[in-house]
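Heads up, protein-v4.cif below (mmCIF, C-alpha atoms and all ligand atoms):
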```
data_upload
loop_
_atom_site.label_atom_id
_atom_site.label_comp_id
_atom_site.auth_asym_id
_atom_site.auth_seq_id
_atom_site.Cartn_x
_atom_site.Cartn_y
_atom_site.Cartn_z
CA MET A 8 5.22 12.10 21.84
CA SER A 9 6.33 15.62 20.86
CA GLY A 10 3.93 18.46 20.11
CA SER A 11 4.41 18.07 16.36
CA GLU A 12 1.24 17.61 14.31
CA ASN A 13 3.07 14.87 12.42
CA ALA A 14 3.35 11.34 13.77
CA ILE A 15 5.87 10.36 11.09
CA GLU A 16 8.39 12.58 9.31
CA LEU A 17 10.90 11.40 6.72
CA ASN A 18 13.64 13.67 5.51
CA GLY A 19 15.81 12.52 2.61
CA LEU A 20 15.62 8.90 3.76
CA THR A 21 17.93 6.77 1.63
CA LYS A 22 18.96 3.11 1.60
CA SER A 23 21.01 1.18 -0.93
CA PHE A 24 21.70 -2.53 -1.33
CA PRO A 25 24.46 -3.84 -3.58
CA GLY A 26 23.56 -2.65 -7.07
CA VAL A 27 20.29 -0.94 -6.16
CA ARG A 28 19.21 2.31 -4.50
CA ALA A 29 16.09 0.86 -2.86
CA VAL A 30 14.96 4.14 -1.25
CA ASP A 31 16.20 7.36 -2.76
CA GLY A 32 15.84 10.57 -0.74
CA LEU A 33 12.28 10.10 0.49
CA THR A 34 10.72 13.12 2.16
CA PHE A 35 7.12 13.17 3.37
CA SER A 36 5.15 13.28 6.59
CA VAL A 37 2.09 11.59 8.02
CA ARG A 38 -0.16 13.65 10.28
CA ARG A 39 -1.37 12.33 13.59
CA GLY A 40 -4.60 10.39 13.22
CA GLU A 41 -4.15 10.02 9.47
CA ILE A 42 -4.21 6.83 7.40
CA PHE A 43 -1.59 7.19 4.71
CA GLY A 44 -1.08 4.72 1.84
CA LEU A 45 2.22 3.89 0.15
CA VAL A 46 1.74 2.30 -3.23
CA GLY A 47 4.01 1.39 -6.10
CA PRO A 48 5.04 -1.52 -8.30
CA ASP A 49 7.10 -4.47 -7.01
CA GLY A 50 10.56 -3.32 -5.96
CA ALA A 51 9.52 0.34 -5.57
CA GLY A 52 11.03 0.48 -2.07
CA LYS A 53 7.88 0.22 0.07
CA THR A 54 9.07 -2.60 2.34
CA THR A 55 12.52 -1.04 2.77
CA THR A 56 10.86 2.23 3.82
CA MET A 57 8.63 0.42 6.31
CA ARG A 58 11.56 -1.48 7.79
CA MET A 59 13.48 1.75 8.33
CA LEU A 60 10.46 3.41 9.97
CA ALA A 61 9.99 0.38 12.22
CA GLY A 62 13.60 0.79 13.37
CA VAL A 63 14.72 -2.62 12.13
CA LEU A 64 16.90 -1.29 9.29
CA ALA A 65 19.24 1.70 9.56
CA PRO A 66 19.15 4.27 6.73
CA ASP A 67 22.35 5.19 4.85
CA GLU A 68 21.36 8.85 4.74
CA GLY A 69 18.54 11.07 5.88
CA SER A 70 16.41 10.91 8.98
CA ALA A 71 13.03 9.81 10.22
CA VAL A 72 11.08 10.85 13.28
CA VAL A 73 8.35 8.46 14.43
CA ALA A 74 6.07 9.20 17.40
CA GLY A 75 8.48 12.00 18.36
CA PHE A 76 11.61 9.81 18.35
CA ASP A 77 14.46 10.45 15.94
CA LEU A 78 15.27 6.95 14.70
CA ASN A 79 18.94 7.79 14.13
CA ARG A 80 19.25 8.57 17.85
CA ASP A 81 16.65 6.46 19.65
CA ALA A 82 15.10 3.72 17.52
CA GLU A 83 14.58 1.60 20.65
CA GLY A 84 12.55 4.36 22.31
CA ALA A 85 10.32 4.63 19.23
CA LYS A 86 9.62 0.89 19.23
CA HIS A 87 7.48 1.19 22.39
CA HIS A 88 5.09 3.45 20.46
CA ILE A 89 5.01 1.56 17.16
CA SER A 90 3.36 -1.65 16.00
CA TYR A 91 4.83 -3.06 12.82
CA MET A 92 3.12 -5.79 10.86
CA PRO A 93 5.57 -7.05 8.24
CA GLN A 94 4.43 -8.99 5.17
CA ARG A 95 5.13 -12.24 6.97
CA PHE A 96 4.01 -11.63 10.51
CA GLY A 97 5.57 -14.08 12.97
CA LEU A 98 2.68 -16.30 14.00
CA TYR A 99 3.40 -19.56 15.78
CA GLU A 100 1.53 -22.10 13.69
CA GLU A 101 1.62 -24.79 16.37
CA LEU A 102 0.03 -22.45 18.94
CA THR A 103 -3.67 -21.59 19.09
CA VAL A 104 -5.13 -18.19 18.28
CA ASP A 105 -5.38 -17.36 22.00
CA GLU A 106 -1.84 -18.57 22.70
CA ASN A 107 -0.42 -16.42 19.90
CA ILE A 108 -2.22 -13.37 21.30
CA ARG A 109 -0.96 -14.17 24.80
CA PHE A 110 2.60 -14.47 23.48
CA TYR A 111 2.49 -10.99 21.93
CA ALA A 112 0.70 -9.51 24.95
CA ASP A 113 3.55 -10.78 27.17
CA LEU A 114 6.12 -9.44 24.71
CA PHE A 115 4.54 -5.97 24.85
CA GLY A 116 3.96 -6.22 28.62
CA VAL A 117 0.18 -5.85 28.40
CA PRO A 118 -1.49 -6.46 31.81
CA ARG A 119 -3.73 -9.53 31.96
CA ARG A 120 -7.11 -7.80 32.38
CA GLU A 121 -6.41 -5.32 29.59
CA ARG A 122 -5.26 -8.18 27.37
CA GLU A 123 -8.48 -10.16 27.91
CA GLU A 124 -10.67 -7.16 27.16
CA ARG A 125 -8.71 -6.03 24.13
CA SER A 126 -8.33 -9.45 22.54
CA ALA A 127 -12.08 -10.15 22.94
CA GLN A 128 -12.88 -6.84 21.20
CA LEU A 129 -10.37 -7.33 18.42
CA LEU A 130 -11.33 -10.97 17.76
CA GLN A 131 -14.98 -9.94 17.61
CA ALA A 132 -14.20 -7.14 15.13
CA ALA A 133 -12.13 -9.57 13.06
CA GLY A 134 -15.00 -12.10 12.95
CA MET A 135 -12.74 -14.63 14.70
CA ALA A 136 -14.35 -14.94 18.14
CA GLU A 137 -15.20 -18.60 17.61
CA PHE A 138 -11.71 -19.59 16.47
CA ARG A 139 -9.84 -18.84 19.69
CA SER A 140 -8.76 -22.42 20.27
CA ARG A 141 -7.87 -23.21 16.65
CA LEU A 142 -4.20 -23.73 15.79
CA ALA A 143 -2.85 -20.74 13.84
CA GLY A 144 -1.45 -23.18 11.25
CA LYS A 145 -5.01 -24.37 10.51
CA LEU A 146 -6.38 -20.89 9.74
CA SER A 147 -7.09 -19.65 6.19
CA GLY A 148 -4.73 -17.04 4.70
CA GLY A 149 -7.15 -14.19 5.44
CA MET A 150 -7.64 -15.35 9.04
CA LYS A 151 -3.87 -15.55 9.54
CA GLN A 152 -3.52 -11.94 8.38
CA LYS A 153 -6.31 -10.86 10.70
CA LEU A 154 -4.71 -12.73 13.61
CA GLY A 155 -1.44 -10.95 12.80
CA LEU A 156 -3.27 -7.62 13.08
CA VAL A 157 -4.88 -8.63 16.37
CA CYS A 158 -1.44 -9.57 17.77
CA ALA A 159 0.10 -6.32 16.49
CA LEU A 160 -2.71 -4.38 18.18
CA ILE A 161 -2.78 -6.14 21.51
CA HIS A 162 -0.97 -3.12 22.88
CA THR A 163 -2.23 0.30 21.81
CA PRO A 164 0.37 1.82 19.49
CA GLU A 165 0.57 5.49 18.57
CA VAL A 166 1.75 4.52 15.11
CA LEU A 167 0.78 1.40 13.19
CA LEU A 168 2.96 0.33 10.25
CA LEU A 169 1.36 -2.24 7.95
CA ASP A 170 3.18 -3.84 5.02
CA GLU A 171 0.68 -5.19 2.48
CA PRO A 172 -1.57 -6.39 5.30
CA THR A 173 -4.37 -7.63 3.05
CA ASN A 174 -2.30 -9.31 0.37
CA GLY A 175 -4.13 -12.46 -0.74
CA VAL A 176 -6.97 -11.82 1.72
CA ASP A 177 -10.54 -12.49 0.58
CA PRO A 178 -12.92 -9.51 0.16
CA VAL A 179 -14.90 -10.26 3.36
CA SER A 180 -11.77 -10.40 5.50
CA ARG A 181 -10.47 -7.26 3.80
CA ARG A 182 -13.67 -5.49 4.84
CA ASP A 183 -13.20 -6.66 8.47
CA PHE A 184 -9.62 -5.46 8.29
CA TRP A 185 -10.57 -1.97 7.13
CA ARG A 186 -13.32 -1.73 9.71
CA ILE A 187 -10.72 -2.35 12.42
CA LEU A 188 -8.38 0.24 10.89
CA TYR A 189 -11.09 2.91 10.91
CA THR A 190 -11.87 2.12 14.57
CA LEU A 191 -8.19 2.70 15.34
CA LEU A 192 -8.30 6.06 13.57
CA ASP A 193 -11.19 7.04 15.86
CA GLN A 194 -8.88 6.22 18.78
CA GLY A 195 -6.22 8.59 17.41
CA VAL A 196 -3.81 5.96 16.05
CA THR A 197 -1.77 7.01 13.00
CA ILE A 198 -1.56 4.37 10.27
CA LEU A 199 0.94 4.02 7.44
CA THR A 200 0.14 1.12 5.14
CA THR A 201 1.50 -0.24 1.90
CA THR A 202 -0.98 -1.88 -0.42
CA ALA A 203 -1.10 -3.55 -3.78
CA TYR A 204 -4.85 -2.88 -4.03
CA LEU A 205 -5.64 0.50 -5.47
CA ASP A 206 -9.22 0.42 -4.16
CA GLU A 207 -7.58 0.38 -0.71
CA ALA A 208 -5.39 3.34 -1.66
CA GLU A 209 -8.64 5.23 -2.34
CA ARG A 210 -9.68 4.63 1.28
CA CYS A 211 -6.60 6.39 2.66
CA HIS A 212 -6.61 10.07 3.58
CA ARG A 213 -3.49 10.58 1.49
CA VAL A 214 -1.49 8.40 -0.83
CA ALA A 215 2.10 8.47 -2.05
CA LEU A 216 3.25 6.70 -5.19
CA LEU A 217 6.78 5.27 -5.11
CA HIS A 218 8.75 4.18 -8.13
CA GLU A 219 12.35 3.00 -8.00
CA GLY A 220 12.78 4.40 -4.50
CA ARG A 221 11.51 7.89 -5.37
CA MET A 222 8.18 9.50 -4.62
CA LEU A 223 6.29 10.54 -7.75
CA PHE A 224 3.12 11.89 -6.09
CA CYS A 225 1.66 12.52 -2.68
CA ASP A 226 -1.87 13.88 -2.24
CA THR A 227 -5.46 12.96 -1.41
CA PRO A 228 -7.05 10.37 -3.74
CA ALA A 229 -9.47 13.01 -5.08
CA ASN A 230 -6.69 15.49 -5.91
CA LEU A 231 -4.60 12.75 -7.48
CA LYS A 232 -7.42 11.70 -9.79
CA ALA A 233 -8.13 15.31 -10.73
CA SER A 234 -4.47 15.79 -11.66
CA LEU A 235 -4.42 13.21 -14.47
CA PRO A 236 -3.18 15.00 -17.58
CA GLY A 237 -5.76 13.91 -20.18
CA ALA A 238 -8.98 11.90 -20.27
CA VAL A 239 -9.59 8.18 -19.88
CA LEU A 240 -11.32 6.08 -22.55
CA SER A 241 -12.58 2.60 -21.77
CA ILE A 242 -12.68 0.00 -24.55
CA VAL A 243 -14.66 -3.17 -23.86
CA CYS A 244 -13.37 -6.06 -25.94
CA ALA A 245 -13.29 -9.85 -25.70
CA ASP A 246 -9.58 -10.11 -26.53
CA PRO A 247 -7.80 -6.97 -25.31
CA ARG A 248 -4.17 -8.00 -25.91
CA PRO A 249 -3.98 -7.59 -29.72
CA VAL A 250 -5.98 -4.35 -29.44
CA ARG A 251 -3.50 -3.06 -26.85
CA ASP A 252 -0.55 -3.98 -29.09
CA LEU A 253 -2.22 -2.21 -32.02
CA LEU A 254 -2.89 1.01 -30.09
CA ALA A 255 0.30 1.29 -28.01
CA GLY A 256 2.36 4.18 -29.32
CA MET A 257 -0.48 5.64 -31.45
CA ASP A 258 -0.41 9.44 -31.67
CA GLY A 259 -2.57 11.14 -29.02
CA ILE A 260 -2.51 8.15 -26.62
CA SER A 261 -0.09 8.31 -23.69
CA THR A 262 -1.00 5.09 -21.87
CA VAL A 263 -2.73 1.82 -22.77
CA MET A 264 -3.46 -0.68 -20.01
CA ILE A 265 -5.48 -3.87 -19.70
CA VAL A 266 -8.19 -3.65 -17.03
CA GLY A 267 -10.82 -6.33 -16.37
CA ASP A 268 -12.65 -7.05 -19.63
CA GLY A 269 -10.99 -4.44 -21.78
CA LEU A 270 -8.57 -1.53 -21.95
CA HIS A 271 -8.12 1.91 -20.49
CA LEU A 272 -6.40 4.57 -22.59
CA VAL A 273 -5.18 7.96 -21.43
CA VAL A 274 -5.74 10.35 -24.34
CA ARG A 275 -5.47 14.05 -25.06
CA ASP A 276 -8.69 14.55 -27.04
CA PRO A 277 -11.31 11.87 -26.28
CA GLN A 278 -14.07 13.04 -28.66
CA ARG A 279 -11.78 13.17 -31.69
CA MET A 280 -10.15 9.89 -30.66
CA ILE A 281 -13.25 7.65 -30.38
CA PRO A 282 -14.09 7.42 -34.15
CA GLU A 283 -10.39 7.16 -34.98
CA LEU A 284 -10.02 4.19 -32.62
CA ARG A 285 -13.06 2.44 -34.07
CA SER A 286 -11.74 2.66 -37.60
CA ARG A 287 -8.18 1.68 -36.60
CA ILE A 288 -9.43 -1.42 -34.73
CA ALA A 289 -11.78 -2.46 -37.58
CA ALA A 290 -9.07 -1.92 -40.24
CA ALA A 291 -6.81 -4.34 -38.34
CA GLY A 292 -9.53 -7.00 -38.43
CA LEU A 293 -10.07 -6.77 -34.65
CA SER A 294 -13.27 -6.05 -32.77
CA CYS A 295 -14.49 -4.15 -29.72
CA ASP A 296 -17.91 -3.65 -28.13
CA ALA A 297 -17.96 -0.18 -26.63
CA ILE A 298 -15.65 2.83 -26.44
CA GLU A 299 -16.56 5.54 -23.95
CA GLN A 300 -15.04 8.17 -21.72
CA VAL A 301 -14.92 7.18 -18.03
CA ALA A 302 -13.89 8.93 -14.82
CA PRO A 303 -10.18 8.42 -14.08
CA SER A 304 -9.21 6.00 -11.31
CA ILE A 305 -6.10 6.07 -9.14
CA GLU A 306 -4.84 3.12 -11.18
CA ASP A 307 -5.03 5.18 -14.40
CA LEU A 308 -2.98 7.94 -12.81
CA PHE A 309 -0.42 5.57 -11.33
CA VAL A 310 0.16 3.59 -14.50
CA GLU A 311 0.50 6.85 -16.44
CA ALA A 312 2.94 8.26 -13.83
CA VAL A 313 5.09 5.11 -13.63
CA GLN A 314 5.32 4.85 -17.43
CA GLY A 315 6.25 8.53 -17.67
CA ASP A 316 8.91 8.06 -14.98
CA LYS A 317 10.34 5.03 -16.80
CA ALA A 318 10.59 7.12 -19.97
CA ASP A 319 12.34 9.95 -18.04
CA HIS A 320 14.69 7.82 -15.90
CA GLY A 321 14.82 4.50 -17.81
CA GLY A 322 17.93 2.43 -17.01
CA GLU A 323 19.24 4.90 -14.43
CA ARG A 324 18.84 2.74 -11.39
N1 LIG B 1 17.93 -7.20 1.93
C1 LIG B 1 18.08 -6.84 0.65
N2 LIG B 1 19.23 -7.11 -0.04
C2 LIG B 1 19.38 -6.73 -1.31
N3 LIG B 1 18.44 -6.07 -2.03
C3 LIG B 1 17.29 -5.77 -1.41
C4 LIG B 1 17.04 -6.15 -0.04
N4 LIG B 1 15.80 -5.70 0.31
C5 LIG B 1 15.29 -5.10 -0.79
N5 LIG B 1 16.17 -5.14 -1.82
C6 LIG B 1 16.00 -4.55 -3.16
O1 LIG B 1 15.57 -3.22 -2.97
C7 LIG B 1 14.57 -2.85 -3.91
C8 LIG B 1 13.33 -2.40 -3.17
O2 LIG B 1 12.75 -3.54 -2.53
P1 LIG B 1 11.47 -3.44 -1.57
O3 LIG B 1 11.22 -4.83 -1.04
O4 LIG B 1 11.66 -2.35 -0.60
O5 LIG B 1 10.35 -3.03 -2.60
P2 LIG B 1 8.76 -3.13 -2.47
O6 LIG B 1 8.22 -1.87 -3.06
O7 LIG B 1 8.38 -3.45 -1.07
O8 LIG B 1 8.40 -4.33 -3.41
P3 LIG B 1 7.66 -5.71 -3.08
O9 LIG B 1 6.23 -5.36 -2.94
O10 LIG B 1 7.98 -6.54 -4.28
O11 LIG B 1 8.29 -6.22 -1.80
C9 LIG B 1 14.37 -4.06 -4.78
O12 LIG B 1 15.16 -3.90 -5.94
C10 LIG B 1 14.86 -5.21 -3.93
O13 LIG B 1 15.33 -6.27 -4.72
#
```

Translate this file's structure into structure tokens.
Ligand SMILES: Nc1ncnc2c1ncn2[C@@H]1O[C@H](COP(=O)(O)OP(=O)(O)OP(=O)(O)O)[C@@H](O)[C@H]1O
Amino acid sequence: MSGSENAIELNGLTKSFPGVRAVDGLTFSVRRGEIFGLVGPDGAGKTTTMRMLAGVLAPDEGSAVVAGFDLNRDAEGAKHHISYMPQRFGLYEELTVDENIRFYADLFGVPRREREERSAQLLQAAGMAEFRSRLAGKLSGGMKQKLGLVCALIHTPEVLLLDEPTNGVDPVSRRDFWRILYTLLDQGVTILTTTAYLDEAERCHRVALLHEGRMLFCDTPANLKASLPGAVLSIVCADPRPVRDLLAGMDGISTVMIVGDGLHLVVRDPQRMIPELRSRIAAAGLSCDAIEQVAPSIEDLFVEAVQGDKADHGGER
């Protein structure tokens, strides 16, 4: 790997499919030893970006350097230093856990002794040590994802690319997963992950938000939350949908979103807004339990940013 402090560098990376610019001039970098999260709504371009960085899809324009290799010149060279776990990792369902690991170890040319040691460690960390002889097809969804990670890590990559690795995974398995990721960071591995879970985005060193192939933000979770223009009000109510419809578009409110058992609003002036909201909701014959100001979450910022971007660029794509 080169002396650069960045393990991944994208410069104007662009990819179009018929009728859609899936990735539109992306420029950002991931430092060595960093865990970097890519988030964004469905179709934002996350998977396309990952596929280009993994060297399995050529960009139309722009460049990317991964582990010191310029992918436009030597994507094959980069592949020896990358592990890529796509959304559907290729497990062989009719093979056992051990046999799947052995298959990938052979593919990556991992020597036998190293393979034994590493797979024992990884299976232990994944809470799967007692499932070694189970057929992969008989594992739960979370276990399959964890086995995919074990296979992807059977050689030691410099850069790990993960595409929604914990999608549909139960909370306990997600915790195992993140524990393994942090262990890798201690070993100096650089991790770029996409995620649909914003609590996972908060665990990354830095996060970028993609929308329609473009990057809207890139910063630490703390800086992102601090940058929200306005304050967040939480409204607890039994039936949030009619309340949302009533408040959407009201003066002084930029975003209304349903979260858990109520709504979050992004507002300019929270103290003035609280009594106004109470009377507006009561006058419409609706009810709510509590309205209070809360600390902004990454989700608040992202929903606000995506809605703002839609208003600015609506229908352009
Ligand atoms: N092989 C392809 N052929 C045509 N269009 C594609 C192809 N791959 C992706 N797209 C389109 O490119 C856009 C970006 O898709 P991409 O899968 O990268 O988004 P994403 O952010 O990963 O979303 P998701 O989480 O839903 O997969 C979408 O409009 C998608 O339909």

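Residue nearest Asp49 of chain A, chosen from A:Asp252, A:Glu219, A:Glu68, A:Glu123 and counting only C-alpha atoms: A:Glu219.
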
At a cut-off of 12 Å around ligand LIG 1 (chain B), and using all atoms listed in the file, what residues come up? Please write them as an MDAnalysis selection string.
chainID A and resid 21:31 45:59 63:65 93:95 169:172 174 200:204 216:222 324

Restricting the calculation to only C-alpha atoms, which member of A:Val104, A:Gln152, A:Val273, A:Glu41 is positioned closest to Ala136 of chain A?
A:Val104

Å distance separating atom CA of Gly62 of chain A from atom CA of Leu154 of chain A, one decimal place
22.8 Å

Quick one: residues within 10 Å of segment 141-148 of chain A, all atoms listed in the file counted, chain neighbours fewer than 6 positions away excluded, as a list in words?
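Selected residues are Leu98, Tyr99, Glu100, Glu101, Leu102, Thr103, Val104, Asp105, Glu106, Asn107, Leu154, Gly155, Thr173, Asn174, Gly175, Val176, Asp177 and Ser180 of chain A.
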